[in-house]
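Novice: Pasting in a structure now, in structure tokens, and then I'll have a few things to ask.
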Amino acid sequence: MRLRRSFVVPLGILALLHFYIGWRLLPDLPIGATGAAAGVLLLALSYFAMPLGFLARSLQWGRWTDRAAAVGLFMMGFFSSLFVFTLLRDLALLPAFAFLPSPRVQSLLPASAVLVVALAVSATLIGLFNARRRARIVEVDIPLRDLPEALHGFTIVQVSDVHVGPTIKRDYVSAIVDAVNQLEPDLIALTGDLVDGSVEKLASHTAPLARLRARHGVYFVTGNHEYYSGERDWTAEFRRLGLRVLMNEHVVITHRGARLVVAGVADYSAHHFNPEQRSDPARALNGAPRDAAARILLAHQPRSSAAASEAGFDLQLSGHTHGGQFWPWNLFVRLQQPFTAGLHRLNDLWVYISRGTGYWGPPKRFGSPSEITYLRLVPATVVEPGLSRSGREYSPG
């Protein structure tokens, strides 16, 4: 009964939202009866295709599985924009209904309906282009106090939230690996949510990760989607590929005579899947040398930052948020996470949140481009006390 309700309620809400769009847009679009019928068919396609974006893999349709999922996920992205712009149109028309003569208001309806469709189509196609192209390189300097000269310019390349799955495959991953290796970093940090599916189905597509190269190695921490996809199997597979998995533990790196601690924690929600893997930044730092020049934490979710600050880390690298992935959902990330994207300061801790190197769900990036992050450790010359605890994005220097 509970399982049935878990499907019926969302499908009912989805039906109401589709009805709302059809009710508010189709009568006002200057497309005639034939166009209106086509609009109804498009909304019906959207309604029935969207659940396939999540359910197709469980249906075992062979080579058609990912294609059905791709159609459903694309329609999800289009529907999202269509709904938002329809709602904004109605909100914008409220003052017109209140203060303008009825004939004037009626004259606004066709043009505004066309504008909604045009904006939804444009946002979806632009978002598709942004999502499917290789992530851009974003360069970020991290100013650390008392950083020894040996670590000036130490480089870390961060890759996060690739989400290999129905629409992200081997070629996409291979392009990321090539771009990362060209940067010749000192260290590579993979901050979770690399996969959306089982090892059995996706191992051939994650195989290019074995080609990642960095002077001091490649380090990985779990994200919530690794737990959805079989964390134990993926941890074994990533280790087989040569990645160092940090599970509430640390390593000590010696770079030009200076020691650097690199720690990693399990995902913030890991204890819901395995109580023994409860995320614990303090535990990850146990036994670390006190004279280390810098302490860096890899933690999938920004929510780990409070505990990381208390534990004494200097820098936390996270992902998870995708920067909201596409407007307007980027405006709501702060309801669940302390930071959305970019570089932030929490007490003495710097927190950098990647916008993600791939995407989740709809192949759509609009207002939040994907990134491969190239981070450099630099000495702090000016520290702004006003940024402490502020949670504001900060661009040093």
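Going through the structure tokens in order, the chains are called A, B, and so on, while each chain numbers its residues from 1 and the ligands are numbered from 1 in the order shown.
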I'd like the neighbourhood of region 267-270 of chain A as a list in words, where a residue qualifies if any of its atoms comes within 6 Å (using only C-alpha atoms), though same-chain residues fewer than 5 positions away should be ignored.
Specialist: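 Within the cut-off, the hits are Thr222, Gly223, Asn224, Gln277, Arg278, Ser279 and His300 of chain A.
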Novice: Report as a list of chain:residue names: the residues of region 242-312 of chain A with a DSSP assignment of strand (DSSP E or B), based on the backbone of this structure.
Specialist: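 Residues meeting the strand (DSSP E or B) criterion: A:Arg244, A:Val245, A:Glu249, A:His250, A:Val251, A:Val252, A:Ile253, A:Thr254, A:His255, A:Ala258, A:Arg259, A:Leu260, A:Val261, A:Val262, A:Ala263, A:Gly264, A:Ala294, A:Arg295, A:Ile296, A:Leu297, A:Leu298.
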Novice: Keeping only C-alpha atoms, take the residues you just selected and write them out as a tab-separated table (two decimals), in the first residue's frame.
Specialist:
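Below you can see result.tsv, which holds the result:
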chain	number	residue	atom	x	y	z
A	244	ARG	CA	42.50	6.11	-3.22
A	245	VAL	CA	39.17	5.99	-1.38
A	249	GLU	CA	40.60	8.78	7.14
A	250	HIS	CA	43.58	10.79	5.93
A	251	VAL	CA	46.90	10.55	4.16
A	252	VAL	CA	50.01	12.65	4.70
A	253	ILE	CA	51.67	14.03	1.58
A	254	THR	CA	55.20	15.40	1.53
A	255	HIS	CA	55.67	18.05	-1.15
A	258	ALA	CA	56.47	20.29	3.49
A	259	ARG	CA	53.77	18.02	4.87
A	260	LEU	CA	50.14	18.29	3.80
A	261	VAL	CA	47.19	16.35	5.26
A	262	VAL	CA	44.49	15.25	2.83
A	263	ALA	CA	41.47	13.73	4.56
A	264	GLY	CA	38.15	12.42	3.31
A	294	ALA	CA	47.72	22.58	5.72
A	295	ARG	CA	44.76	20.29	6.37
A	296	ILE	CA	42.41	19.65	3.46
A	297	LEU	CA	39.10	17.78	3.71
A	298	LEU	CA	37.21	16.16	0.86
Novice: As a PyMOL selection string, please: the residues near region 333-337 of chain A (cut-off 8 Å, only C-alpha atoms, same-chain neighbours under 4 positions excluded).
Specialist: chain A and resi 301-303+321+323-324+329
Novice: Can you write out the residues you just picked, keeping C-alpha atoms, as a compact mmCIF listing (two decimals), in the first residue's frame?
Specialist:
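Writing done, so here's out_36.txt:
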# COMPACT_ATOMS: atom_id res chain seq x y z
CA GLN A 301 28.16 17.81 0.96
CA PRO A 302 28.80 21.40 2.14
CA ARG A 303 26.87 20.49 5.31
CA THR A 321 24.63 21.13 -5.00
CA GLY A 323 25.07 25.11 -8.05
CA GLY A 324 21.35 24.45 -8.49
CA TRP A 329 16.26 25.88 -8.60
Novice: Which distance in Å separates CA of Gly127 (chain A) and CA of Phe74 (chain A), to one decimal?
Specialist: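 Interatomic distance here is 10.2 Å.
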Novice: Which residues come within 10 Å of Phe129 (chain A), counting only C-alpha atoms, excluding same-chain residues fewer than 6 positions away, as a list in words?
Specialist: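 So, after excluding close chain neighbours, the residues are Ala123, Pro363, Lys364, Arg365 and Phe366 of chain A.
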Novice: I need the residues from that last selection saved to file as a PDB file, in the first residue's frame (with C-alpha atoms), if you can.
Specialist:
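Just written: selection-v9.pdb:
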ATOM      1  CA  ALA A 123      16.197  27.616 -21.783  1.00  0.00           C
ATOM      2  CA  PRO A 363      20.526  17.124 -19.409  1.00  0.00           C
ATOM      3  CA  LYS A 364      20.259  20.806 -18.633  1.00  0.00           C
ATOM      4  CA  ARG A 365      22.603  23.496 -17.317  1.00  0.00           C
ATOM      5  CA  PHE A 366      21.142  26.994 -17.298  1.00  0.00           C
TER       6      PHE A 366
END
Novice: Mind listing the helix (DSSP H, G or I) residues of region 181-395 of chain A, per DSSP on the backbone, as a ChimeraX atom specification?
Specialist: /A:181-182,199-211,224-228,231-240,270-272,275-277,281-284,302-311,322-324,329-335,385-387
Novice: Rounded to one decimal place, report the CA of Leu315 (chain A)-CA of Asn347 (chain A) distance in Å.
Specialist: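 Taking CA of Leu315 (chain A) as the start and CA of Asn347 (chain A) as the end point, the length is 11.1 Å.
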Novice: Please identify all polymer residues within 8 Å of Trp327 (chain A), counting only C-alpha atoms, omitting same-chain residues fewer than 4 positions from it, and present them as a list of chain:residue names.
Specialist: A:Leu331, A:Phe366, A:Gly367, A:Ser368
Novice: Once you have the residues from the selection above, write them out as a PDB file, in the first residue's frame, restricted to C-alpha atoms.
Specialist:
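result-v9.pdb, freshly written:
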ATOM      1  CA  LEU A 331      17.733  29.887  -5.651  1.00  0.00           C
ATOM      2  CA  PHE A 366      21.142  26.994 -17.298  1.00  0.00           C
ATOM      3  CA  GLY A 367      22.691  29.692 -15.138  1.00  0.00           C
ATOM      4  CA  SER A 368      25.010  27.226 -13.399  1.00  0.00           C
TER       5      SER A 368
END
Novice: Might you pull out every residue within 7 Å of region 177-193 of chain A, with only C-alpha atoms counted and same-chain residues fewer than 2 positions away left off, and present them as a VMD selection string?
Specialist: chain A and resid 154 to 163 173 to 175 195 208 to 209 211 to 226 298 to 300 318 to 319
Novice: CA of Pro369 (chain A) to CA of Ala131 (chain A): how many Å, to one decimal?
Specialist: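 Atom-to-atom, CA of Pro369 (chain A) and CA of Ala131 (chain A) are spaced 7.6 Å apart.
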Novice: Give me, as a count of residues only, all polymer residues having an atom no more than 9 Å from region 88-97 of chain A, counting only C-alpha atoms and skipping those fewer than 2 positions away in the same chain.
Specialist: 16
Novice: Pick from A:Ala207, A:Ile142, A:Leu73, A:Ala341: nearest to Leu243 (chain A), with only C-alpha atoms counted?
Specialist: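 Among the listed residues, A:Ala207 lies closest to Leu243 (chain A).
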